[in-house]
2 protein chains.
Amino acid sequence: MADLLALFTQAAKLLREAADEAMRRHGVRVGQHIVLTVLWQQDGLTPGEIARRLDVTTPTIVNTATRMEEAGLVIRRPDSADARLVRLYLSPLARSVREPVRDVRRALERHATATLTAAELDHLRSALTKIIAQLQNESP
Amino acid sequence: MADLLALFTQAAKLLREAADEAMRRHGVRVGQHIVLTVLWQQDGLTPGEIARRLDVTTPTIVNTATRMEEAGLVIRRPDSADARLVRLYLSPLARSVREPVRDVRRALERHATATLTAAELDHLRSALTKIIAQLQNESP
DNA sequence: CTCGTTTCGCTAGCATGCTAATGATAGTCC
DNA sequence: GGACTATCATTAGCATGCTAGCGAAACGAG
């Protein structure tokens with residue numbers, strides 16, 4: 001496997017699968033988790049706001065929100081002032097899984113990087129951050 | 001963005017999108033590219049063999065092969081000896097895009113890692129390899 | 001106030017991955 | 001040689017992302 005892109009694809013796939021499996025036990029899927037990370041910080045946002053914060057498209061959030069509604073994680077409510085807006089609110093269930101989900105993600109992170117030194121971990125973080133910055137600073 | 005998993009998710013998404021856009025100009029999508037990498041090495045493999053080499057499921061290859069057939073990249077042909085098997089063969093088009101696709105991927109790789117030093121790149125490769133090894137050595 | 005523009009969420013349809021189930025064929029055991 | 005098992009591609013249906021296009025609502029100019 002010489003290709004850095006291929007290495008990246010493979011690592012990302014394995015991490016994503018492992019994260020999904022770990023969080024699934026708490027009723028949260030990977031696509032739903034990113035929405036929760038935003039709502040845990042600020043409840044009652046609109047799909048558009050969430051999409052902008054996560055750098056995904058609005059339909060992605062709309063569809064994920066529908067699945068989360070069915071799973072009992074969020075509640076959709078129209079905005080009282082602007083009839084175009086819909087606001088997403090966390091259910092008690094969504095609040096209650098915050099810590100368990102955080103814990104399993106931390107555990108996965110520790111496990112996945114168990115064979116790396118602290119310095120290597122720092123370099124990895126730094127490299128990822130640089131790559132993200134480099135790729136983001138062109139399309140806007 | 002404190003979470004390493006989140007950093008990873010973001011970087012992987014950006015790289016995937018950039019790779020897709022770059023290869024698209026040559027009629028190849030990211031999901032089709034991984035199949036091509038295998039067939040470029042050895043033509044005439046079965047969906048099951050390709051899936052095993054790529055560490056994905058057989059249906060993934062079957063569905064991707066259908067789209068590649070429609071795109072004129074591969075030809076499906078039943079095995080002459082074992083009627084259960086289907087063999088996938090590269091089209092002339094698929095052969096002709098090998099180098100252009102390799103080039104745009106190299107260019108993307110260079111661009112994405114332009115702000116990293118050679119040492120940082122080495123560390124990144126090493127870290128990714130270690131993470132892959134760590135995550136693979138548990139499920140089998 | 002009205003008309004055109006902008007801004008929303010949403011639906012439709014696609015690509016890429018998955019699991020589960022189906023059906024056809026090959027191989028094996030008695 | 002006939003039945004059981006294993007193996008293979010395929011289909012169906014789901015989750016997660018995307019783009020394109022819709023209809024409703026708000027806003028701004030005149």
# chains A, B, ... in the order shown; residues from 1 in each chain; ligands from 1
>>> select_by_dssp(residues="segment 31-103 of chain B", states="strand (DSSP E or B)", output="PyMOL selection string")
chain B and resi 45+74-78+86-90
>>> write_last_selection(atoms="N, CA and C atoms", output="tab-separated table (two decimals), in the first residue's frame")
chain	number	residue	atom	x	y	z
B	45	LEU	N	-10.41	-10.94	-12.37
B	45	LEU	CA	-10.73	-11.49	-11.06
B	45	LEU	C	-12.24	-11.56	-10.86
B	74	VAL	N	-15.57	-1.84	-17.21
B	74	VAL	CA	-15.28	-3.28	-17.10
B	74	VAL	C	-16.30	-4.08	-17.91
B	75	ILE	N	-15.92	-5.33	-18.18
B	75	ILE	CA	-16.81	-6.28	-18.86
B	75	ILE	C	-17.00	-7.49	-17.95
B	76	ARG	N	-18.25	-7.88	-17.75
B	76	ARG	CA	-18.57	-9.08	-16.97
B	76	ARG	C	-18.59	-10.29	-17.90
B	77	ARG	N	-17.91	-11.39	-17.47
B	77	ARG	CA	-17.94	-12.61	-18.28
B	77	ARG	C	-17.96	-13.81	-17.34
B	78	PRO	N	-18.84	-14.77	-17.59
B	78	PRO	CA	-18.89	-15.95	-16.71
B	78	PRO	C	-17.62	-16.78	-16.86
B	86	VAL	N	-18.17	-15.19	-11.78
B	86	VAL	CA	-18.20	-14.14	-12.81
B	86	VAL	C	-16.84	-13.48	-12.78
B	87	ARG	N	-16.27	-13.22	-13.92
B	87	ARG	CA	-14.96	-12.57	-13.96
B	87	ARG	C	-15.09	-11.18	-14.56
B	88	LEU	N	-14.36	-10.25	-13.96
B	88	LEU	CA	-14.41	-8.86	-14.41
B	88	LEU	C	-13.14	-8.52	-15.19
B	89	TYR	N	-13.33	-8.00	-16.39
B	89	TYR	CA	-12.19	-7.66	-17.25
B	89	TYR	C	-12.19	-6.17	-17.54
B	90	LEU	N	-10.99	-5.60	-17.57
B	90	LEU	CA	-10.83	-4.19	-17.86
B	90	LEU	C	-11.16	-3.89	-19.31
>>> closest_atom_pairs(of="chain A", to="chain B", cutoff="8 Å", atoms="only C-alpha atoms", output="JSON lines")
{"residue": "A:Leu4", "atom": "CA", "partner": "B:Arg125", "partner_atom": "CA", "distance": 6.9}
{"residue": "A:Leu5", "atom": "CA", "partner": "B:Glu109", "partner_atom": "CA", "distance": 6.8}
{"residue": "A:Leu7", "atom": "CA", "partner": "B:Leu128", "partner_atom": "CA", "distance": 6.5}
{"residue": "A:Phe8", "atom": "CA", "partner": "B:Ala12", "partner_atom": "CA", "distance": 6.7}
{"residue": "A:Thr9", "atom": "CA", "partner": "B:Ala12", "partner_atom": "CA", "distance": 6.8}
{"residue": "A:Gln10", "atom": "CA", "partner": "B:Ile132", "partner_atom": "CA", "distance": 7.1}
{"residue": "A:Ala11", "atom": "CA", "partner": "B:Ile132", "partner_atom": "CA", "distance": 5.3}
{"residue": "A:Ala12", "atom": "CA", "partner": "B:Ala12", "partner_atom": "CA", "distance": 6.3}
{"residue": "A:Leu14", "atom": "CA", "partner": "B:Leu135", "partner_atom": "CA", "distance": 6.6}
{"residue": "A:Leu15", "atom": "CA", "partner": "B:Leu5", "partner_atom": "CA", "distance": 7.5}
{"residue": "A:Arg16", "atom": "CA", "partner": "B:Thr9", "partner_atom": "CA", "distance": 7.7}
{"residue": "A:Arg105", "atom": "CA", "partner": "B:Leu5", "partner_atom": "CA", "distance": 7.9}
{"residue": "A:Glu109", "atom": "CA", "partner": "B:Leu5", "partner_atom": "CA", "distance": 6.8}
{"residue": "A:His111", "atom": "CA", "partner": "B:Gln134", "partner_atom": "CA", "distance": 7.8}
{"residue": "A:Ala112", "atom": "CA", "partner": "B:Ile131", "partner_atom": "CA", "distance": 5.5}
{"residue": "A:Thr113", "atom": "CA", "partner": "B:Ile131", "partner_atom": "CA", "distance": 6.0}
{"residue": "A:Ala114", "atom": "CA", "partner": "B:Gln134", "partner_atom": "CA", "distance": 7.8}
{"residue": "A:Thr115", "atom": "CA", "partner": "B:Lys130", "partner_atom": "CA", "distance": 6.7}
{"residue": "A:Leu116", "atom": "CA", "partner": "B:Ala127", "partner_atom": "CA", "distance": 6.9}
{"residue": "A:Glu120", "atom": "CA", "partner": "B:Ala127", "partner_atom": "CA", "distance": 7.0}
{"residue": "A:Leu121", "atom": "CA", "partner": "B:Ala127", "partner_atom": "CA", "distance": 7.9}
{"residue": "A:His123", "atom": "CA", "partner": "B:Glu120", "partner_atom": "CA", "distance": 7.0}
{"residue": "A:Leu124", "atom": "CA", "partner": "B:Leu124", "partner_atom": "CA", "distance": 5.9}
{"residue": "A:Arg125", "atom": "CA", "partner": "B:Leu4", "partner_atom": "CA", "distance": 6.9}
{"residue": "A:Ala127", "atom": "CA", "partner": "B:Leu124", "partner_atom": "CA", "distance": 6.8}
{"residue": "A:Leu128", "atom": "CA", "partner": "B:Ala11", "partner_atom": "CA", "distance": 6.4}
{"residue": "A:Thr129", "atom": "CA", "partner": "B:Leu7", "partner_atom": "CA", "distance": 7.1}
{"residue": "A:Lys130", "atom": "CA", "partner": "B:Thr115", "partner_atom": "CA", "distance": 6.7}
{"residue": "A:Ile131", "atom": "CA", "partner": "B:Ala112", "partner_atom": "CA", "distance": 5.5}
{"residue": "A:Ile132", "atom": "CA", "partner": "B:Ala11", "partner_atom": "CA", "distance": 5.3}
{"residue": "A:Gln134", "atom": "CA", "partner": "B:Ala112", "partner_atom": "CA", "distance": 6.0}
{"residue": "A:Leu135", "atom": "CA", "partner": "B:Ala112", "partner_atom": "CA", "distance": 6.1}
{"residue": "A:Gln136", "atom": "CA", "partner": "B:Leu14", "partner_atom": "CA", "distance": 7.8}
>>> write_last_selection(atoms="N, CA and C atoms", output="mmCIF file, in the first residue's frame")
data_model
loop_
_atom_site.group_PDB
_atom_site.id
_atom_site.type_symbol
_atom_site.label_atom_id
_atom_site.label_comp_id
_atom_site.auth_asym_id
_atom_site.auth_seq_id
_atom_site.Cartn_x
_atom_site.Cartn_y
_atom_site.Cartn_z
ATOM 1 N N LEU A 4 -0.589 7.254 -0.226
ATOM 2 C CA LEU A 4 -1.012 7.862 1.032
ATOM 3 C C LEU A 4 -2.535 7.986 1.079
ATOM 4 N N LEU A 5 -3.132 8.315 -0.045
ATOM 5 C CA LEU A 5 -4.596 8.418 -0.089
ATOM 6 C C LEU A 5 -5.246 7.084 0.250
ATOM 7 N N LEU A 7 -3.911 4.685 2.094
ATOM 8 C CA LEU A 7 -3.703 4.481 3.526
ATOM 9 C C LEU A 7 -4.782 5.225 4.306
ATOM 10 N N PHE A 8 -5.007 6.446 3.903
ATOM 11 C CA PHE A 8 -5.977 7.290 4.570
ATOM 12 C C PHE A 8 -7.378 6.702 4.466
ATOM 13 N N THR A 9 -7.731 6.287 3.278
ATOM 14 C CA THR A 9 -9.048 5.692 3.051
ATOM 15 C C THR A 9 -9.260 4.484 3.957
ATOM 16 N N GLN A 10 -8.252 3.652 4.012
ATOM 17 C CA GLN A 10 -8.352 2.430 4.803
ATOM 18 C C GLN A 10 -8.475 2.747 6.293
ATOM 19 N N ALA A 11 -7.623 3.634 6.786
ATOM 20 C CA ALA A 11 -7.658 3.983 8.204
ATOM 21 C C ALA A 11 -8.992 4.630 8.564
ATOM 22 N N ALA A 12 -9.458 5.503 7.692
ATOM 23 C CA ALA A 12 -10.725 6.183 7.963
ATOM 24 C C ALA A 12 -11.876 5.203 8.001
ATOM 25 N N LEU A 14 -11.759 1.964 8.743
ATOM 26 C CA LEU A 14 -11.679 1.137 9.949
ATOM 27 C C LEU A 14 -12.122 1.918 11.183
ATOM 28 N N LEU A 15 -11.688 3.163 11.274
ATOM 29 C CA LEU A 15 -12.064 3.983 12.424
ATOM 30 C C LEU A 15 -13.567 4.243 12.432
ATOM 31 N N ARG A 16 -14.108 4.519 11.278
ATOM 32 C CA ARG A 16 -15.531 4.808 11.177
ATOM 33 C C ARG A 16 -16.350 3.585 11.568
ATOM 34 N N ARG A 105 -15.941 6.605 22.625
ATOM 35 C CA ARG A 105 -15.099 7.219 21.591
ATOM 36 C C ARG A 105 -13.680 7.433 22.113
ATOM 37 N N GLU A 109 -10.358 5.736 20.600
ATOM 38 C CA GLU A 109 -9.207 6.554 20.227
ATOM 39 C C GLU A 109 -7.929 6.035 20.893
ATOM 40 N N HIS A 111 -7.428 3.002 21.982
ATOM 41 C CA HIS A 111 -7.094 1.695 21.435
ATOM 42 C C HIS A 111 -6.435 1.817 20.065
ATOM 43 N N ALA A 112 -7.021 2.633 19.213
ATOM 44 C CA ALA A 112 -6.518 2.739 17.837
ATOM 45 C C ALA A 112 -5.100 3.286 17.797
ATOM 46 N N THR A 113 -4.785 4.151 18.766
ATOM 47 C CA THR A 113 -3.466 4.785 18.781
ATOM 48 C C THR A 113 -2.570 4.202 19.867
ATOM 49 N N ALA A 114 -2.903 3.009 20.308
ATOM 50 C CA ALA A 114 -2.166 2.406 21.426
ATOM 51 C C ALA A 114 -0.695 2.168 21.090
ATOM 52 N N THR A 115 -0.410 1.918 19.808
ATOM 53 C CA THR A 115 0.973 1.620 19.433
ATOM 54 C C THR A 115 1.747 2.874 19.028
ATOM 55 N N LEU A 116 1.143 4.046 19.236
ATOM 56 C CA LEU A 116 1.837 5.299 18.911
ATOM 57 C C LEU A 116 2.357 5.949 20.188
ATOM 58 N N GLU A 120 4.262 10.863 18.568
ATOM 59 C CA GLU A 120 3.660 10.479 17.293
ATOM 60 C C GLU A 120 2.203 10.942 17.212
ATOM 61 N N LEU A 121 1.521 10.845 18.341
ATOM 62 C CA LEU A 121 0.137 11.301 18.388
ATOM 63 C C LEU A 121 0.053 12.799 18.105
ATOM 64 N N HIS A 123 2.185 14.543 16.414
ATOM 65 C CA HIS A 123 2.492 14.764 14.999
ATOM 66 C C HIS A 123 1.290 14.444 14.122
ATOM 67 N N LEU A 124 0.578 13.378 14.517
ATOM 68 C CA LEU A 124 -0.598 12.984 13.739
ATOM 69 C C LEU A 124 -1.659 14.074 13.778
ATOM 70 N N ARG A 125 -1.945 14.544 14.979
ATOM 71 C CA ARG A 125 -2.911 15.648 15.120
ATOM 72 C C ARG A 125 -2.504 16.837 14.276
ATOM 73 N N ALA A 127 -0.512 16.947 11.695
ATOM 74 C CA ALA A 127 -0.577 16.674 10.256
ATOM 75 C C ALA A 127 -2.019 16.728 9.766
ATOM 76 N N LEU A 128 -2.929 16.133 10.526
ATOM 77 C CA LEU A 128 -4.337 16.149 10.127
ATOM 78 C C LEU A 128 -4.860 17.579 10.047
ATOM 79 N N THR A 129 -4.501 18.367 11.039
ATOM 80 C CA THR A 129 -4.951 19.755 11.063
ATOM 81 C C THR A 129 -4.432 20.517 9.851
ATOM 82 N N LYS A 130 -3.178 20.285 9.526
ATOM 83 C CA LYS A 130 -2.594 20.973 8.362
ATOM 84 C C LYS A 130 -3.266 20.552 7.068
ATOM 85 N N ILE A 131 -3.551 19.263 6.951
ATOM 86 C CA ILE A 131 -4.195 18.765 5.726
ATOM 87 C C ILE A 131 -5.593 19.362 5.583
ATOM 88 N N ILE A 132 -6.315 19.398 6.698
ATOM 89 C CA ILE A 132 -7.662 19.974 6.669
ATOM 90 C C ILE A 132 -7.592 21.440 6.245
ATOM 91 N N GLN A 134 -5.292 22.965 4.563
ATOM 92 C CA GLN A 134 -4.852 23.078 3.168
ATOM 93 C C GLN A 134 -6.001 22.801 2.195
ATOM 94 N N LEU A 135 -6.824 21.804 2.506
ATOM 95 C CA LEU A 135 -7.907 21.438 1.596
ATOM 96 C C LEU A 135 -9.100 22.382 1.714
ATOM 97 N N GLN A 136 -9.248 22.994 2.883
ATOM 98 C CA GLN A 136 -10.387 23.904 3.054
ATOM 99 C C GLN A 136 -10.120 25.264 2.430
#
>>> closest_atom_pairs(of="chain C", to="segment 8-17 of chain D", cutoff="10 Å", atoms="only C-alpha atoms (C1' of nucleotides)", output="JSON lines")
{"residue": "C:DA15", "atom": "C1'", "partner": "D:DG17", "partner_atom": "C1'", "distance": 8.7}
{"residue": "C:DT16", "atom": "C1'", "partner": "D:DG17", "partner_atom": "C1'", "distance": 8.7}
{"residue": "C:DG17", "atom": "C1'", "partner": "D:DT16", "partner_atom": "C1'", "distance": 8.6}
{"residue": "C:DC18", "atom": "C1'", "partner": "D:DC14", "partner_atom": "C1'", "distance": 7.9}
{"residue": "C:DT19", "atom": "C1'", "partner": "D:DC14", "partner_atom": "C1'", "distance": 8.6}
{"residue": "C:DA20", "atom": "C1'", "partner": "D:DA12", "partner_atom": "C1'", "distance": 8.8}
{"residue": "C:DA21", "atom": "C1'", "partner": "D:DA12", "partner_atom": "C1'", "distance": 8.4}
{"residue": "C:DT22", "atom": "C1'", "partner": "D:DT11", "partner_atom": "C1'", "distance": 7.8}
{"residue": "C:DG23", "atom": "C1'", "partner": "D:DT10", "partner_atom": "C1'", "distance": 8.8}
{"residue": "C:DA24", "atom": "C1'", "partner": "D:DC8", "partner_atom": "C1'", "distance": 8.7}
{"residue": "C:DT25", "atom": "C1'", "partner": "D:DC8", "partner_atom": "C1'", "distance": 8.1}
{"residue": "C:DA26", "atom": "C1'", "partner": "D:DC8", "partner_atom": "C1'", "distance": 9.6}
>>> write_last_selection(atoms="C-alpha atoms (C1' of nucleotides)", output="short mmCIF file (atom, residue, chain, number, x, y, z; two decimals), in the first residue's frame")
data_model
loop_
_atom_site.label_atom_id
_atom_site.label_comp_id
_atom_site.auth_asym_id
_atom_site.auth_seq_id
_atom_site.Cartn_x
_atom_site.Cartn_y
_atom_site.Cartn_z
"C1'" DA C 15 -22.83 6.79 -5.12
"C1'" DT C 16 -20.74 4.16 -1.70
"C1'" DG C 17 -20.59 1.24 1.98
"C1'" DC C 18 -23.15 -2.41 4.95
"C1'" DT C 19 -26.15 -6.91 6.36
"C1'" DA C 20 -29.47 -10.50 5.29
"C1'" DA C 21 -31.61 -13.47 2.27
"C1'" DT C 22 -32.00 -15.92 -2.40
"C1'" DG C 23 -30.90 -19.04 -5.88
"C1'" DA C 24 -27.76 -21.51 -8.66
"C1'" DT C 25 -23.83 -24.39 -8.89
"C1'" DA C 26 -20.02 -27.33 -7.12
#
>>> closest_atom_pairs(of="chain B", to="chain C", cutoff="9 Å", atoms="only C-alpha atoms (C1' of nucleotides)", output="tab-separated table")
residue	atom	partner	partner_atom	distance
B:Arg29	CA	C:DA15	C1'	8.5
B:Val30	CA	C:DT16	C1'	8.6
B:Gly31	CA	C:DT16	C1'	6.3
B:Val56	CA	C:DG17	C1'	8.3
B:Thr57	CA	C:DC18	C1'	7.9
B:Pro59	CA	C:DC18	C1'	8.9
B:Thr60	CA	C:DG17	C1'	6.8
B:Thr64	CA	C:DT16	C1'	8.3
B:Asp82	CA	C:DA26	C1'	7.8
B:Ala83	CA	C:DT25	C1'	6.4
B:Arg84	CA	C:DT25	C1'	5.5
>>> select_by_dssp(residues="segment 31-137 of chain A", states="helix (DSSP H, G or I)", output="VMD selection string")
chain A and resid 31 to 41 47 to 54 58 to 70 92 to 96 98 to 112 118 to 136
>>> write_last_selection(atoms="C-alpha atoms", output="PDB file, in the first residue's frame")
ATOM      1  CA  GLY A  31     -23.961  10.128  11.076  1.00  0.00           C
ATOM      2  CA  GLN A  32     -26.211  10.952  13.990  1.00  0.00           C
ATOM      3  CA  HIS A  33     -23.280  11.554  16.301  1.00  0.00           C
ATOM      4  CA  ILE A  34     -21.991  14.557  14.417  1.00  0.00           C
ATOM      5  CA  VAL A  35     -25.406  16.169  14.765  1.00  0.00           C
ATOM      6  CA  LEU A  36     -25.423  15.401  18.465  1.00  0.00           C
ATOM      7  CA  THR A  37     -21.997  16.970  18.963  1.00  0.00           C
ATOM      8  CA  VAL A  38     -23.455  20.242  17.726  1.00  0.00           C
ATOM      9  CA  LEU A  39     -26.738  20.010  19.638  1.00  0.00           C
ATOM     10  CA  TRP A  40     -24.947  19.039  22.836  1.00  0.00           C
ATOM     11  CA  GLN A  41     -23.174  22.366  22.582  1.00  0.00           C
ATOM     12  CA  PRO A  47     -30.888  22.086  10.029  1.00  0.00           C
ATOM     13  CA  GLY A  48     -29.163  24.802   8.037  1.00  0.00           C
ATOM     14  CA  GLU A  49     -27.208  26.051  11.038  1.00  0.00           C
ATOM     15  CA  ILE A  50     -26.110  22.548  11.921  1.00  0.00           C
ATOM     16  CA  ALA A  51     -25.070  21.846   8.349  1.00  0.00           C
ATOM     17  CA  ARG A  52     -22.934  24.992   8.247  1.00  0.00           C
ATOM     18  CA  ARG A  53     -21.197  24.133  11.505  1.00  0.00           C
ATOM     19  CA  LEU A  54     -20.431  20.608  10.333  1.00  0.00           C
ATOM     20  CA  THR A  58     -28.576  20.785   4.552  1.00  0.00           C
ATOM     21  CA  PRO A  59     -30.296  17.715   3.064  1.00  0.00           C
ATOM     22  CA  THR A  60     -27.809  15.526   4.910  1.00  0.00           C
ATOM     23  CA  ILE A  61     -28.951  17.017   8.208  1.00  0.00           C
ATOM     24  CA  VAL A  62     -32.623  16.903   7.244  1.00  0.00           C
ATOM     25  CA  ASN A  63     -32.451  13.200   6.438  1.00  0.00           C
ATOM     26  CA  THR A  64     -30.342  12.376   9.473  1.00  0.00           C
ATOM     27  CA  ALA A  65     -32.738  14.367  11.645  1.00  0.00           C
ATOM     28  CA  THR A  66     -35.628  12.255  10.350  1.00  0.00           C
ATOM     29  CA  ARG A  67     -33.823   9.080  11.365  1.00  0.00           C
ATOM     30  CA  MET A  68     -32.929  10.607  14.716  1.00  0.00           C
ATOM     31  CA  GLU A  69     -36.547  11.571  15.245  1.00  0.00           C
ATOM     32  CA  GLU A  70     -37.596   7.977  14.594  1.00  0.00           C
ATOM     33  CA  PRO A  92     -33.803  13.281  27.294  1.00  0.00           C
ATOM     34  CA  LEU A  93     -32.402  10.103  25.723  1.00  0.00           C
ATOM     35  CA  ALA A  94     -29.986  12.114  23.612  1.00  0.00           C
ATOM     36  CA  ARG A  95     -28.832  13.968  26.722  1.00  0.00           C
ATOM     37  CA  SER A  96     -28.395  10.781  28.696  1.00  0.00           C
ATOM     38  CA  ARG A  98     -23.724  12.031  25.928  1.00  0.00           C
ATOM     39  CA  GLU A  99     -21.217  10.759  28.467  1.00  0.00           C
ATOM     40  CA  PRO A 100     -21.355   7.064  27.544  1.00  0.00           C
ATOM     41  CA  VAL A 101     -20.809   7.946  23.895  1.00  0.00           C
ATOM     42  CA  ARG A 102     -17.937  10.249  24.763  1.00  0.00           C
ATOM     43  CA  ASP A 103     -16.388   7.451  26.796  1.00  0.00           C
ATOM     44  CA  VAL A 104     -16.567   4.791  24.102  1.00  0.00           C
ATOM     45  CA  ARG A 105     -15.099   7.219  21.591  1.00  0.00           C
ATOM     46  CA  ARG A 106     -12.229   8.020  23.935  1.00  0.00           C
ATOM     47  CA  ALA A 107     -11.661   4.322  24.481  1.00  0.00           C
ATOM     48  CA  LEU A 108     -11.613   3.691  20.756  1.00  0.00           C
ATOM     49  CA  GLU A 109      -9.207   6.554  20.227  1.00  0.00           C
ATOM     50  CA  ARG A 110      -6.874   5.181  22.874  1.00  0.00           C
ATOM     51  CA  HIS A 111      -7.094   1.695  21.435  1.00  0.00           C
ATOM     52  CA  ALA A 112      -6.518   2.739  17.837  1.00  0.00           C
ATOM     53  CA  ALA A 118       2.781  10.607  22.643  1.00  0.00           C
ATOM     54  CA  ALA A 119       5.025  12.440  20.212  1.00  0.00           C
ATOM     55  CA  GLU A 120       3.660  10.479  17.293  1.00  0.00           C
ATOM     56  CA  LEU A 121       0.137  11.301  18.388  1.00  0.00           C
ATOM     57  CA  ASP A 122       1.000  14.975  18.479  1.00  0.00           C
ATOM     58  CA  HIS A 123       2.492  14.764  14.999  1.00  0.00           C
ATOM     59  CA  LEU A 124      -0.598  12.984  13.739  1.00  0.00           C
ATOM     60  CA  ARG A 125      -2.911  15.648  15.120  1.00  0.00           C
ATOM     61  CA  SER A 126      -0.741  18.343  13.645  1.00  0.00           C
ATOM     62  CA  ALA A 127      -0.577  16.674  10.256  1.00  0.00           C
ATOM     63  CA  LEU A 128      -4.337  16.149  10.127  1.00  0.00           C
ATOM     64  CA  THR A 129      -4.951  19.755  11.063  1.00  0.00           C
ATOM     65  CA  LYS A 130      -2.594  20.973   8.362  1.00  0.00           C
ATOM     66  CA  ILE A 131      -4.195  18.765   5.726  1.00  0.00           C
ATOM     67  CA  ILE A 132      -7.662  19.974   6.669  1.00  0.00           C
ATOM     68  CA  ALA A 133      -6.532  23.596   6.517  1.00  0.00           C
ATOM     69  CA  GLN A 134      -4.852  23.078   3.168  1.00  0.00           C
ATOM     70  CA  LEU A 135      -7.907  21.438   1.596  1.00  0.00           C
ATOM     71  CA  GLN A 136     -10.387  23.904   3.054  1.00  0.00           C
TER      72      GLN A 136
END
>>> closest_residue(among="B:Thr46, B:Asn137, B:Gly72, B:Gly27", to="chain D", atoms="only C-alpha atoms (C1' of nucleotides)")
B:Thr46
>>> atom_distance(atom1="atom CA of His26 of chain A", atom2="atom CA of Gly44 of chain A")
22.0 Å
>>> atom_distance(atom1="atom C1' of DA3 of chain D", atom2="atom CA of Leu85 of chain B")
23.5 Å
